[in-house]
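Structure below is data.pdb: PDB, C-alpha atoms and all ligand atoms.
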```pdb
ATOM      1  CA  MET A 903     102.684 103.126 111.759
ATOM      2  CA  ILE A 904     104.163 101.427 108.703
ATOM      3  CA  LYS A 905     107.905 101.843 108.092
ATOM      4  CA  ILE A 906     109.732 101.857 104.785
ATOM      5  CA  LYS A 907     113.506 101.718 105.119
ATOM      6  CA  ASN A 908     115.569 103.243 102.363
ATOM      7  CA  ASN A 909     119.358 103.342 102.248
ATOM      8  CA  SER A 910     119.848 104.576  98.717
ATOM      9  CA  SER A 911     122.258 107.448  98.078
ATOM     10  CA  ARG A 912     119.650 109.227  95.933
ATOM     11  CA  ASP A 913     116.460 110.835  97.248
ATOM     12  CA  PHE A 914     113.485 108.605  98.068
ATOM     13  CA  LEU A 915     110.996 109.315  95.299
ATOM     14  CA  ILE A 916     107.239 109.278  95.780
ATOM     15  CA  LEU A 917     105.228 109.249  92.553
ATOM     16  CA  ASN A 918     101.710 110.510  93.187
ATOM     17  CA  LEU A 919      99.029 109.615  90.654
ATOM     18  CA  SER A 920      95.748 111.440  90.746
ATOM     19  CA  ASP A 921      92.133 110.591  89.924
ATOM     20  CA  PRO A 922      92.388 107.748  87.399
ATOM     21  CA  GLN A 923      88.613 107.090  87.638
ATOM     22  CA  LEU A 924      88.743 104.049  85.391
ATOM     23  CA  LYS A 925      85.709 101.835  84.834
ATOM     24  CA  ALA A 926      86.098  98.082  84.311
ATOM     25  CA  GLU A 927      85.525  98.287  80.551
ATOM     26  CA  GLU A 928      88.249 100.915  80.233
ATOM     27  CA  TRP A 929      90.914  98.378  81.199
ATOM     28  CA  ASP A 930      90.336  96.546  77.895
ATOM     29  CA  PHE A 931      93.366  96.483  75.663
ATOM     30  CA  ASP A 932      91.694  98.429  72.864
ATOM     31  CA  ASN A 933      90.077 101.070  75.028
ATOM     32  CA  LYS A 934      91.559 104.526  74.501
ATOM     33  CA  THR A 935      91.161 105.577  78.142
ATOM     34  CA  GLY A 936      92.902 102.411  79.312
ATOM     35  CA  LYS A 937      95.701 102.940  76.792
ATOM     36  CA  ILE A 938      96.209 106.521  77.923
ATOM     37  CA  PHE A 939      96.307 105.507  81.567
ATOM     38  CA  LYS A 940      98.773 102.665  81.029
ATOM     39  CA  LYS A 941     101.055 104.696  78.798
ATOM     40  CA  THR A 942     101.034 107.525  81.348
ATOM     41  CA  VAL A 943     101.789 105.279  84.305
ATOM     42  CA  GLU A 944     104.430 103.203  82.549
ATOM     43  CA  THR A 945     106.186 106.261  81.130
ATOM     44  CA  LEU A 946     106.296 107.832  84.586
ATOM     45  CA  ILE A 947     107.570 104.689  86.270
ATOM     46  CA  GLN A 948     110.308 104.312  83.670
ATOM     47  CA  ARG A 949     111.269 107.972  83.855
ATOM     48  CA  VAL A 950     111.094 108.431  87.616
ATOM     49  CA  SER A 951     111.879 104.959  88.976
ATOM     50  CA  PRO A 952     109.845 105.706  92.132
ATOM     51  CA  ASP A 953     110.348 104.074  95.517
ATOM     52  CA  LEU A 954     106.673 104.453  96.429
ATOM     53  CA  ILE A 955     103.576 105.062  94.305
ATOM     54  CA  THR A 956     100.678 106.881  95.945
ATOM     55  CA  LEU A 957      97.203 107.222  94.477
ATOM     56  CA  SER A 958      95.422 110.249  95.896
ATOM     57  CA  GLY A 959      91.904 108.846  95.510
ATOM     58  CA  ASP A 960      89.119 108.272  92.981
ATOM     59  CA  LEU A 961      90.639 105.131  91.529
ATOM     60  CA  SER A 962      87.300 104.035  90.110
ATOM     61  CA  TYR A 963      83.652 104.168  91.160
ATOM     62  CA  ALA A 964      82.314 102.383  94.242
ATOM     63  CA  GLY A 965      81.033  98.911  93.424
ATOM     64  CA  ASP A 966      83.065  98.488  90.220
ATOM     65  CA  PHE A 967      85.011  95.656  91.825
ATOM     66  CA  GLU A 968      86.490  94.428  88.559
ATOM     67  CA  SER A 969      88.127  97.775  87.954
ATOM     68  CA  TYR A 970      89.456  97.966  91.529
ATOM     69  CA  LYS A 971      90.925  94.478  91.186
ATOM     70  CA  ASN A 972      92.565  95.493  87.903
ATOM     71  CA  PHE A 973      94.257  98.379  89.724
ATOM     72  CA  ALA A 974      95.715  96.087  92.354
ATOM     73  CA  ASP A 975      96.938  93.500  89.876
ATOM     74  CA  TYR A 976      98.352  96.213  87.616
ATOM     75  CA  PHE A 977     100.248  98.124  90.309
ATOM     76  CA  ASP A 978     101.533  94.974  91.977
ATOM     77  CA  SER A 979     103.026  93.925  88.631
ATOM     78  CA  PHE A 980     105.596  96.746  88.866
ATOM     79  CA  GLU A 981     106.976  95.284  92.118
ATOM     80  CA  ILE A 982     107.113  98.774  93.656
ATOM     81  CA  PRO A 983     105.355  99.546  96.966
ATOM     82  CA  TRP A 984     102.081 101.343  96.252
ATOM     83  CA  THR A 985      99.298 102.744  98.361
ATOM     84  CA  CYS A 986      96.220 104.941  98.183
ATOM     85  CA  CYS A 987      93.748 107.043 100.051
ATOM     86  CA  PHE A 988      90.169 106.931  98.882
ATOM     87  CA  GLY A 989      88.183 109.660  97.168
ATOM     88  CA  ASN A 990      84.548 110.646  96.969
ATOM     89  CA  HIS A 991      83.837 108.253  94.087
ATOM     90  CA  ASP A 992      85.465 105.371  95.957
ATOM     91  CA  ASN A 993      83.329 106.259  98.987
ATOM     92  CA  GLN A 994      80.103 107.166  97.167
ATOM     93  CA  ASP A 995      78.234 103.989  98.177
ATOM     94  CA  GLY A 996      79.266 104.041 101.825
ATOM     95  CA  ASP A 997      81.849 102.014 103.702
ATOM     96  CA  LYS A 998      81.102  98.463 102.641
ATOM     97  CA  PRO A 999      82.322  98.489  99.003
ATOM     98  CA  VAL A1000      85.543 100.292 100.008
ATOM     99  CA  GLN A1001      86.199  97.818 102.785
ATOM    100  CA  ILE A1002      85.790  94.913 100.344
ATOM    101  CA  VAL A1003      88.358  96.618  98.093
ATOM    102  CA  ILE A1004      90.760  97.129 101.014
ATOM    103  CA  ASP A1005      90.533  93.458 102.016
ATOM    104  CA  GLU A1006      91.340  92.433  98.456
ATOM    105  CA  TYR A1007      94.167  94.962  98.129
ATOM    106  CA  MET A1008      95.757  93.760 101.352
ATOM    107  CA  GLU A1009      96.219  90.364  99.709
ATOM    108  CA  HIS A1010      98.556  92.055  97.214
ATOM    109  CA  LYS A1011     102.254  91.857  97.954
ATOM    110  CA  TYR A1012     103.278  95.442  97.218
ATOM    111  CA  PHE A1013     100.208  97.197  98.639
ATOM    112  CA  VAL A1014     101.114  99.269 101.711
ATOM    113  CA  PHE A1015      98.182 100.018 103.985
ATOM    114  CA  GLU A1016      97.066  99.971 107.592
ATOM    115  CA  LYS A1017      93.411  99.746 108.599
ATOM    116  CA  CYS A1018      92.178 102.295 111.102
ATOM    117  CA  ASP A1019      89.042 102.869 113.159
ATOM    118  CA  SER A1020      86.405 102.878 110.409
ATOM    119  CA  SER A1021      84.458 105.675 112.144
ATOM    120  CA  LEU A1022      87.256 107.973 110.891
ATOM    121  CA  GLY A1023      86.903 106.823 107.275
ATOM    122  CA  ASN A1024      88.532 104.111 105.249
ATOM    123  CA  SER A1025      92.051 105.324 104.608
ATOM    124  CA  ASN A1026      93.788 107.046 107.531
ATOM    125  CA  PHE A1027      97.284 105.773 108.200
ATOM    126  CA  VAL A1028     100.937 106.786 108.321
ATOM    127  CA  ILE A1029     103.986 105.548 106.451
ATOM    128  CA  LEU A1030     107.291 106.515 108.031
ATOM    129  CA  ILE A1031     110.165 106.738 105.573
ATOM    130  CA  GLU A1032     113.452 105.918 107.244
ATOM    131  CA  LYS A1033     116.308 107.176 105.130
ATOM    132  CA  ASN A1034     119.784 105.928 106.006
ATOM    133  CA  GLY A1035     118.608 105.141 109.525
ATOM    134  CA  LYS A1036     116.983 108.534 110.084
ATOM    135  CA  SER A1037     113.222 109.110 110.482
ATOM    136  CA  ALA A1038     112.977 111.330 107.412
ATOM    137  CA  GLU A1039     109.343 111.750 106.448
ATOM    138  CA  GLY A1040     105.916 110.838 107.716
ATOM    139  CA  VAL A1041     103.506 110.261 104.859
ATOM    140  CA  ILE A1042     100.060 110.778 106.369
ATOM    141  CA  LEU A1043      97.159 109.600 104.236
ATOM    142  CA  MET A1044      93.686 110.739 105.249
ATOM    143  CA  ASP A1045      90.185 110.016 103.996
ATOM    144  CA  THR A1046      88.107 113.053 102.991
ATOM    145  CA  HIS A1047      84.939 110.985 102.419
ATOM    146  CA  ASP A1048      82.188 111.842  99.941
ATOM    147  CA  ARG A1049      79.801 114.792 100.041
ATOM    148  CA  VAL A1050      78.493 115.769 103.466
ATOM    149  CA  PRO A1051      75.327 117.562 104.645
ATOM    150  CA  TYR A1052      75.613 121.328 104.422
ATOM    151  CA  LYS A1053      73.250 124.275 104.479
ATOM    152  CA  ALA A1054      71.248 124.802 101.304
ATOM    153  CA  ASP A1055      72.963 126.914  98.676
ATOM    154  CA  ASP A1056      71.298 129.184  96.092
ATOM    155  CA  CYS A1057      70.429 126.136  93.983
ATOM    156  CA  GLY A1058      68.690 124.455  96.904
ATOM    157  CA  LYS A1059      71.376 121.816  97.283
ATOM    158  CA  ASN A1060      72.297 120.858 100.809
ATOM    159  CA  LEU A1061      75.513 118.954 100.313
ATOM    160  CA  ALA A1062      79.133 120.046 100.269
ATOM    161  CA  TRP A1063      82.409 118.307  99.468
ATOM    162  CA  GLY A1064      83.733 116.219 102.333
ATOM    163  CA  LYS A1065      86.236 117.359 104.932
ATOM    164  CA  LEU A1066      88.486 116.082 107.664
ATOM    165  CA  THR A1067      86.305 115.697 110.745
ATOM    166  CA  LYS A1068      87.140 116.884 114.272
ATOM    167  CA  GLU A1069      87.831 113.263 115.230
ATOM    168  CA  GLN A1070      90.222 112.927 112.301
ATOM    169  CA  LEU A1071      92.027 116.109 113.289
ATOM    170  CA  SER A1072      92.478 114.646 116.749
ATOM    171  CA  TRP A1073      93.813 111.452 115.121
ATOM    172  CA  TYR A1074      96.176 113.590 112.992
ATOM    173  CA  ASN A1075      97.399 115.393 116.117
ATOM    174  CA  ASP A1076      98.217 112.043 117.764
ATOM    175  CA  ARG A1077     100.025 110.710 114.692
ATOM    176  CA  VAL A1078     102.164 113.852 114.424
ATOM    177  CA  CYS A1079     103.084 113.428 118.104
ATOM    178  CA  GLU A1080     104.074 109.810 117.390
ATOM    179  CA  LEU A1081     106.214 110.937 114.476
ATOM    180  CA  LYS A1082     107.939 113.505 116.692
ATOM    181  CA  GLU A1083     108.604 110.817 119.292
ATOM    182  CA  VAL A1084     110.585 108.830 116.723
ATOM    183  CA  GLY A1085     112.500 111.932 115.624
ATOM    184  CA  CYS A1086     110.497 112.736 112.504
ATOM    185  CA  ASP A1087     109.812 116.477 112.170
ATOM    186  CA  ASP A1088     108.567 116.559 108.599
ATOM    187  CA  SER A1089     105.373 115.182 107.140
ATOM    188  CA  LEU A1090     103.458 115.048 103.884
ATOM    189  CA  LEU A1091      99.666 114.968 104.059
ATOM    190  CA  ILE A1092      97.859 113.214 101.216
ATOM    191  CA  THR A1093      94.104 113.655 100.854
ATOM    192  CA  HIS A1094      91.692 113.417  97.970
ATOM    193  CA  ILE A1095      89.508 116.492  98.510
ATOM    194  CA  PRO A1096      91.501 119.678  99.226
ATOM    195  CA  ILE A1097      91.308 121.035 102.751
ATOM    196  CA  ASN A1098      89.593 124.418 103.055
ATOM    197  CA  ALA A1099      92.895 126.342 103.265
ATOM    198  CA  TYR A1100      93.555 125.629  99.567
ATOM    199  CA  LEU A1101      91.049 128.448  99.002
ATOM    200  CA  LEU A1102      93.156 130.776 101.170
ATOM    201  CA  ALA A1103      96.406 129.754  99.474
ATOM    202  CA  ALA A1104      94.957 130.438  96.014
ATOM    203  CA  ARG A1105      93.563 133.813  97.082
ATOM    204  CA  ALA A1106      96.916 134.802  98.519
ATOM    205  CA  ALA A1107      99.051 133.662  95.595
ATOM    206  CA  PHE A1108      97.137 134.238  92.355
ATOM    207  CA  LYS A1109      96.811 137.799  91.075
ATOM    208  CA  ASN A1110      93.552 136.533  89.573
ATOM    209  CA  PRO A1111      92.250 133.690  91.772
ATOM    210  CA  THR A1112      89.347 133.036  89.374
ATOM    211  CA  PRO A1113      89.653 129.860  87.300
ATOM    212  CA  ASP A1114      90.823 130.804  83.826
ATOM    213  CA  LYS A1115      91.373 128.212  81.102
ATOM    214  CA  SER A1116      92.999 130.774  78.830
ATOM    215  CA  VAL A1117      96.037 130.701  81.157
ATOM    216  CA  LYS A1118      98.250 127.975  79.745
ATOM    217  CA  LEU A1119     100.544 125.810  81.805
ATOM    218  CA  SER A1120     103.625 127.505  80.352
ATOM    219  CA  ASP A1121     102.246 130.926  81.411
ATOM    220  CA  THR A1122     102.255 129.849  85.045
ATOM    221  CA  TYR A1123     106.045 129.778  85.204
ATOM    222  CA  SER A1124     106.047 133.545  84.747
ATOM    223  CA  PRO A1125     106.176 135.644  87.943
ATOM    224  CA  ASP A1126     103.563 137.945  86.333
ATOM    225  CA  LEU A1127     100.787 135.565  87.290
ATOM    226  CA  TRP A1128     101.540 135.644  90.981
ATOM    227  CA  ASN A1129     101.323 138.131  93.832
ATOM    228  CA  SER A1130     104.478 139.448  95.435
ATOM    229  CA  GLY A1131     106.063 136.783  97.619
ATOM    230  CA  TYR A1132     104.489 133.945  95.635
ATOM    231  CA  GLU A1133     106.563 134.198  92.430
ATOM    232  CA  ASN A1134     107.933 130.662  92.854
ATOM    233  CA  SER A1135     104.421 129.216  92.457
ATOM    234  CA  TYR A1136     103.438 127.348  89.303
ATOM    235  CA  GLY A1137     100.634 125.298  87.776
ATOM    236  CA  VAL A1138      97.133 125.988  86.488
ATOM    237  CA  LEU A1139      93.869 127.004  88.128
ATOM    238  CA  HIS A1140      91.347 125.890  85.522
ATOM    239  CA  GLU A1141      88.354 125.057  87.712
ATOM    240  CA  PRO A1142      86.881 126.156  91.056
ATOM    241  CA  ILE A1143      88.525 124.606  94.103
ATOM    242  CA  SER A1144      86.164 121.909  95.365
ATOM    243  CA  ALA A1145      86.867 122.102  99.089
ATOM    244  CA  TYR A1146      84.473 122.076 102.019
ATOM    245  CA  PRO A1147      83.259 125.695 102.064
ATOM    246  CA  GLU A1148      84.116 126.487 105.689
ATOM    247  CA  ASP A1149      87.289 126.257 107.723
ATOM    248  CA  GLU A1150      87.349 122.753 109.191
ATOM    249  CA  GLY A1151      90.295 123.668 111.399
ATOM    250  CA  ALA A1152      92.874 121.559 109.576
ATOM    251  CA  PHE A1153      95.250 124.356 108.629
ATOM    252  CA  ASP A1154      95.365 125.946 112.081
ATOM    253  CA  LEU A1155      96.297 122.565 113.522
ATOM    254  CA  ILE A1156      98.881 121.950 110.798
ATOM    255  CA  CYS A1157     100.500 125.333 111.523
ATOM    256  CA  ARG A1158     100.403 124.814 115.293
ATOM    257  CA  LEU A1159     102.039 121.373 115.112
ATOM    258  CA  GLY A1160     104.601 122.465 112.515
ATOM    259  CA  SER A1161     105.146 118.988 111.091
ATOM    260  CA  THR A1162     103.300 118.976 107.768
ATOM    261  CA  LYS A1163     105.136 121.166 105.302
ATOM    262  CA  ASN A1164     103.601 119.667 102.169
ATOM    263  CA  ILE A1165      99.993 118.775 101.356
ATOM    264  CA  ILE A1166      98.898 117.096  98.151
ATOM    265  CA  CYS A1167      95.357 116.433  97.001
ATOM    266  CA  GLY A1168      93.517 115.397  93.860
ATOM    267  CA  HIS A1169      89.788 115.757  93.137
ATOM    268  CA  ASN A1170      90.045 118.800  90.838
ATOM    269  CA  HIS A1171      91.345 117.243  87.636
ATOM    270  CA  ILE A1172      92.332 120.427  85.860
ATOM    271  CA  ASN A1173      94.031 122.251  88.708
ATOM    272  CA  ASN A1174      97.658 121.472  89.377
ATOM    273  CA  TRP A1175      98.987 124.630  91.023
ATOM    274  CA  VAL A1176     101.669 124.507  93.687
ATOM    275  CA  VAL A1177     101.841 127.385  96.184
ATOM    276  CA  ASN A1178     103.850 127.957  99.338
ATOM    277  CA  TYR A1179     101.464 129.573 101.813
ATOM    278  CA  LYS A1180     102.449 130.346 105.412
ATOM    279  CA  GLY A1181     105.239 127.772 105.370
ATOM    280  CA  VAL A1182     103.191 124.941 103.869
ATOM    281  CA  ARG A1183     103.424 123.887 100.237
ATOM    282  CA  PHE A1184      99.913 123.309  98.844
ATOM    283  CA  ILE A1185      99.965 120.945  95.877
ATOM    284  CA  PHE A1186      97.243 119.892  93.487
ATOM    285  CA  GLY A1187      98.474 116.590  92.060
ATOM    286  CA  THR A1188      98.649 116.349  88.290
ATOM    287  CA  LYS A1189      95.842 114.155  86.958
ATOM    288  CA  THR A1190      96.734 110.737  85.590
ATOM    289  CA  GLY A1191      94.945 109.747  82.398
ATOM    290  CA  ASN A1192      91.665 110.913  80.912
ATOM    291  CA  GLY A1193      89.159 109.059  83.127
ATOM    292  CA  SER A1194      86.129 111.304  83.706
ATOM    293  CA  TYR A1195      87.346 114.784  82.590
ATOM    294  CA  TRP A1196      90.869 116.067  81.923
ATOM    295  CA  GLU A1197      93.064 118.336  79.848
ATOM    296  CA  PRO A1198      95.663 116.484  77.760
ATOM    297  CA  GLU A1199      98.443 118.992  78.471
ATOM    298  CA  ILE A1200      98.230 118.418  82.233
ATOM    299  CA  ASN A1201      98.376 114.639  82.124
ATOM    300  CA  GLY A1202     100.963 112.845  84.270
ATOM    301  CA  GLY A1203     101.815 112.699  87.949
ATOM    302  CA  THR A1204     103.673 114.497  90.706
ATOM    303  CA  VAL A1205     107.040 113.516  92.123
ATOM    304  CA  ILE A1206     107.914 114.293  95.732
ATOM    305  CA  ALA A1207     111.568 113.757  96.600
ATOM    306  CA  VAL A1208     112.580 112.987 100.186
ATOM    307  CA  ASN A1209     116.050 113.192 101.682
ATOM    308  CA  GLU A1210     117.154 112.580 105.280
ATOM    309  CA  ASN A1211     115.691 115.947 106.338
ATOM    310  CA  GLY A1212     112.289 115.545 104.726
ATOM    311  CA  VAL A1213     110.835 116.692 101.395
ATOM    312  CA  SER A1214     113.544 118.205  99.206
ATOM    313  CA  SER A1215     111.548 118.979  96.045
ATOM    314  CA  VAL A1216     108.195 118.669  94.325
ATOM    315  CA  LYS A1217     107.827 118.438  90.569
ATOM    316  CA  HIS A1218     105.031 117.651  88.141
ATOM    317  CA  GLU A1219     105.929 115.188  85.418
ATOM    318  CA  TYR A1220     103.933 115.305  82.193
ATOM    319  CA  VAL A1221     103.271 112.568  79.659
ATOM    320  CA  ASP A1222     102.341 113.333  76.073
ATOM    321  CA  VAL A1223      99.657 110.927  74.856
ATOM    322  CA  SER A1224      98.792 112.768  71.632
ATOM    323  CA  SER A1225      99.719 109.737  69.509
ATOM    324  CA  ILE A1226      96.949 107.731  71.227
ATOM    325  CA  LEU A1227      94.488 110.590  70.852
ATOM    326  CA  GLU A1228      95.344 110.751  67.120
ATOM    327  CA  ASN A1229      94.875 106.946  66.820
ATOM    328  CA  LYS A1230      98.535 106.472  65.898
ATOM    329  CA  GLU A1231      99.129 103.796  68.519
TER     330      GLU A1231
HETATM  331 FE    FE B   1      86.966 113.416  93.473
END
```

Can you present the structure in this file as structure tokens?
Ligand SMILES: [Fe+2]
Amino acid sequence: MIKIKNNSSRDFLILNLSDPQLKAEEWDFDNKTGKIFKKTVETLIQRVSPDLITLSGDLSYAGDFESYKNFADYFDSFEIPWTCCFGNHDNQDGDKPVQIVIDEYMEHKYFVFEKCDSSLGNSNFVILIEKNGKSAEGVILMDTHDRVPYKADDCGKNLAWGKLTKEQLSWYNDRVCELKEVGCDDSLLITHIPINAYLLAARAAFKNPTPDKSVKLSDTYSPDLWNSGYENSYGVLHEPISAYPEDEGAFDLICRLGSTKNIICGHNHINNWVVNYKGVRFIFGTKTGNGSYWEPEINGGTVIAVNENGVSSVKHEYVDVSSILENKE
């Protein structure tokens, strides 16, 4: 378990960035995608002044080593601790390319990471945040892999989005027990692909749980959109939730252990809803930049504030990049 000690009088701020998916050529100075990404990140860092930056997967595409190196050099330049879990695109060519990236990243001063048994995936580890001497928050990062074999669907495909395996759930159970042993009763789970219970949370909270792009971000702050008991939810549902289609058992375990009260994932670039469901806050991280697909009005990141008792608030932060889109900078 990695420890980060923080004795500041303000909350410890985690800035989560989601799904950059930058290719090597997009880091060029004149590239619009690179400009959008850098402006977004630098605006957020200036505005938030985070204590830890987390990347919830899909940094680039497996094998694009130049792009991965650019990430490490770029994030180290801010002199703020940063970390990541890996997404399906990072994992799409198997373990070897990711492990090369990890070895390179671990040479970087501000990269926070702990290698685990590679049979569980490439990014399963825990960061304990100690705030003013108290074990405040366990940040548990877990690898949700790439697609996995699944029964054929109507289109004849036999793959589904990845999931936390039984062995990983056992690992999670052990890490939560370790956190409890050091007096930490609150944890944040960061994955790339949403766990299956995101489907349940959406069904419970949205009056219309069908993706609808006509619902604007500002509309989601109205209680009219949400079922009774879920009026404090917010954020858009603009695409289907790409979770493993069957219950992998993660949520039952989370509820039974009672440690994880916040879960954040990426993967769906144009979902960023936040719903409290059965005592757990389900968060889709706001997408960072326009790599792959996006919607300009939901560009930014997500800030998770931690005090001595755990997570105190969650807020999306948005960055307007219209001047780059209009070629004005
Ligand atoms: Fe993804």

Close residues to ligand FE 1 (chain B) using only C-alpha atoms and all ligand atoms, limit 7 Å, as number ranges by chain: A: 921, 960, 989-991, 1094-1095, 1168-1170

Closest of A:Lys934, A:Asn1173, A:Leu946, A:Gly996 to A:Ser1224 - atom-to-atom distances counting only C-alpha atoms: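 The answer is A:Lys934, which sits nearest to A:Ser1224.
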
Shell of 10 Å around A:Tyr1123, only C-alpha atoms, local chain residues under 3 positions omitted, as an MDAnalysis selection string: chainID A and resid 1118:1120 1126:1128 1133:1138

Coordinates-based distance that separates atom CA of A:His1171 from atom CA of A:Leu917 (Å, one decimal):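 Answer for the atom CA of A:Leu917 to atom CA of A:His1171 separation: 16.8 Å.
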
Distance query stretch 974-980 of chain A at most 12 Å, all atoms listed in the file, self and fewer than 2 positions along chain excluded, as a PyMOL selection string: chain A and resi 919+929+936+939-940+943-944+946-948+951-957+961-962+967-972+982-986+1003-1014

Run the PyMOL selection byres (((chain A and resi 1045-1053) around 9) and not hetatm) against the file shown and list the residues it catches, as a short mmCIF file (atom, residue, chain, number, x, y, z; two decimals) with C-alpha atoms, keeping the file's coordinate frame.
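For reference, result27.cif as written:
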```cif
data_model
loop_
_atom_site.label_atom_id
_atom_site.label_comp_id
_atom_site.auth_asym_id
_atom_site.auth_seq_id
_atom_site.Cartn_x
_atom_site.Cartn_y
_atom_site.Cartn_z
CA GLY A 959 91.90 108.85 95.51
CA CYS A 987 93.75 107.04 100.05
CA PHE A 988 90.17 106.93 98.88
CA GLY A 989 88.18 109.66 97.17
CA ASN A 990 84.55 110.65 96.97
CA HIS A 991 83.84 108.25 94.09
CA ASP A 992 85.46 105.37 95.96
CA ASN A 993 83.33 106.26 98.99
CA GLN A 994 80.10 107.17 97.17
CA ASP A 995 78.23 103.99 98.18
CA GLY A 996 79.27 104.04 101.82
CA LEU A 1022 87.26 107.97 110.89
CA GLY A 1023 86.90 106.82 107.28
CA ASN A 1024 88.53 104.11 105.25
CA SER A 1025 92.05 105.32 104.61
CA ASN A 1026 93.79 107.05 107.53
CA LEU A 1043 97.16 109.60 104.24
CA MET A 1044 93.69 110.74 105.25
CA ALA A 1054 71.25 124.80 101.30
CA ASP A 1055 72.96 126.91 98.68
CA GLY A 1058 68.69 124.46 96.90
CA LYS A 1059 71.38 121.82 97.28
CA ASN A 1060 72.30 120.86 100.81
CA LEU A 1061 75.51 118.95 100.31
CA ALA A 1062 79.13 120.05 100.27
CA TRP A 1063 82.41 118.31 99.47
CA GLY A 1064 83.73 116.22 102.33
CA LYS A 1065 86.24 117.36 104.93
CA LEU A 1066 88.49 116.08 107.66
CA THR A 1067 86.30 115.70 110.74
CA GLN A 1070 90.22 112.93 112.30
CA ILE A 1092 97.86 113.21 101.22
CA THR A 1093 94.10 113.66 100.85
CA HIS A 1094 91.69 113.42 97.97
CA ILE A 1095 89.51 116.49 98.51
CA PRO A 1096 91.50 119.68 99.23
CA ILE A 1097 91.31 121.04 102.75
CA TYR A 1146 84.47 122.08 102.02
#
```

Non-local contacts of A:Glu1141 (12 Å; only C-alpha atoms; under 4 positions in same chain excluded) as a ChimeraX atom specification: /A:1104,1111-1117,1145,1169-1175,1186,1195-1197

Å distance separating atom CA of A:Lys1180 from atom CA of A:Glu1032, one decimal place: 26.9 Å

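Taking atom CA of A:Gly1187 and atom CA of A:Asp1121 as endpoints, the distance between them is 18.3 Å.
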
Answer key for the PyMOL selection byres (((chain A and resi 1156) around 10) and not hetatm), residues as a VMD selection string: chain A and resid 1071 1074 to 1075 1078 1091 1151 to 1155 1157 to 1163 1182

List every protein, DNA or RNA residue with an atom no more than 8 Å from (113.5, 106.6, 110.1) in the file's coordinates, counting only C-alpha atoms, and format the result as a CSV table (one decimal) with C-alpha atoms, keeping the file's coordinate frame.
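Okay, result12.csv is ready:
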```csv
chain,number,residue,atom,x,y,z
A,905,LYS,CA,107.9,101.8,108.1
A,907,LYS,CA,113.5,101.7,105.1
A,1030,LEU,CA,107.3,106.5,108.0
A,1031,ILE,CA,110.2,106.7,105.6
A,1032,GLU,CA,113.5,105.9,107.2
A,1033,LYS,CA,116.3,107.2,105.1
A,1034,ASN,CA,119.8,105.9,106.0
A,1035,GLY,CA,118.6,105.1,109.5
A,1036,LYS,CA,117.0,108.5,110.1
A,1037,SER,CA,113.2,109.1,110.5
A,1038,ALA,CA,113.0,111.3,107.4
A,1039,GLU,CA,109.3,111.8,106.4
A,1084,VAL,CA,110.6,108.8,116.7
A,1085,GLY,CA,112.5,111.9,115.6
A,1086,CYS,CA,110.5,112.7,112.5
```

Distance criterion (all atoms listed in the file): nearest to A:Ile1002 out of A:Ala964, A:Asp1087, A:Leu1101, A:Phe973: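 For A:Ile1002, the nearest of the candidates is A:Ala964.
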
Distance criterion (only C-alpha atoms): nearest to A:Ala1103 out of A:Cys1018, A:Thr945, A:Val1041, A:Ile1185: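 Looking only at the distances to A:Ala1103, the closest residue turns out to be A:Ile1185.
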
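Compared by their closest atoms to A:Ser1214, and using all atoms listed in the file, the residues A:Ser1144, A:Ser1089, A:Asn909, A:Thr1190 rank with A:Ser1089 nearest.
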
Using all atoms of stretch 1190-1207 of chain A listed in the file and a margin of 3 Å per side, can you give the axis-aligned box centre and edge lengths in Å to one decimal, as AutoDock Vina command-line options?
```
--center_x 98.8 --center_y 114.0 --center_z 87.2 --size_x 31.4 --size_y 15.9 --size_z 24.8
```

Selection dump of the PyMOL selection byres (((chain A and resi 1193) around 8) and not hetatm), as an MDAnalysis selection string: chainID A and resid 921:924 935 1191:1192 1194:1196

Working from the structure I just supplied, which lacks atoms in stretch 996-1001 of chain A, can you model N, CA, C and O atoms there and output them as a PDB file, keeping the file's coordinate frame?
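Generated file (part28.pdb):
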```
ATOM      1  N   GLY A 996      79.078 104.379 100.415  1.00  0.00           N
ATOM      2  CA  GLY A 996      79.266 104.041 101.825  1.00  0.00           C
ATOM      3  C   GLY A 996      80.498 103.187 102.062  1.00  0.00           C
ATOM      4  O   GLY A 996      81.320 102.983 101.160  1.00  0.00           O
ATOM      5  N   ASP A 997      80.613 102.681 103.281  1.00  0.00           N
ATOM      6  CA  ASP A 997      81.849 102.014 103.702  1.00  0.00           C
ATOM      7  C   ASP A 997      82.040 100.618 103.104  1.00  0.00           C
ATOM      8  O   ASP A 997      83.163 100.200 102.860  1.00  0.00           O
ATOM      9  N   LYS A 998      80.942  99.892 102.924  1.00  0.00           N
ATOM     10  CA  LYS A 998      81.102  98.463 102.641  1.00  0.00           C
ATOM     11  C   LYS A 998      81.907  98.174 101.362  1.00  0.00           C
ATOM     12  O   LYS A 998      82.859  97.393 101.400  1.00  0.00           O
ATOM     13  N   PRO A 999      81.544  98.801 100.213  1.00  0.00           N
ATOM     14  CA  PRO A 999      82.322  98.489  99.003  1.00  0.00           C
ATOM     15  C   PRO A 999      83.811  98.834  99.160  1.00  0.00           C
ATOM     16  O   PRO A 999      84.674  98.097  98.674  1.00  0.00           O
ATOM     17  N   VAL A1000      84.128  99.919  99.839  1.00  0.00           N
ATOM     18  CA  VAL A1000      85.543 100.292 100.008  1.00  0.00           C
ATOM     19  C   VAL A1000      86.253  99.244 100.872  1.00  0.00           C
ATOM     20  O   VAL A1000      87.394  98.878 100.590  1.00  0.00           O
ATOM     21  N   GLN A1001      85.551  98.787 101.893  1.00  0.00           N
ATOM     22  CA  GLN A1001      86.199  97.818 102.785  1.00  0.00           C
ATOM     23  C   GLN A1001      86.433  96.476 102.087  1.00  0.00           C
ATOM     24  O   GLN A1001      87.429  95.800 102.345  1.00  0.00           O
TER      25      GLN A1001
END
```
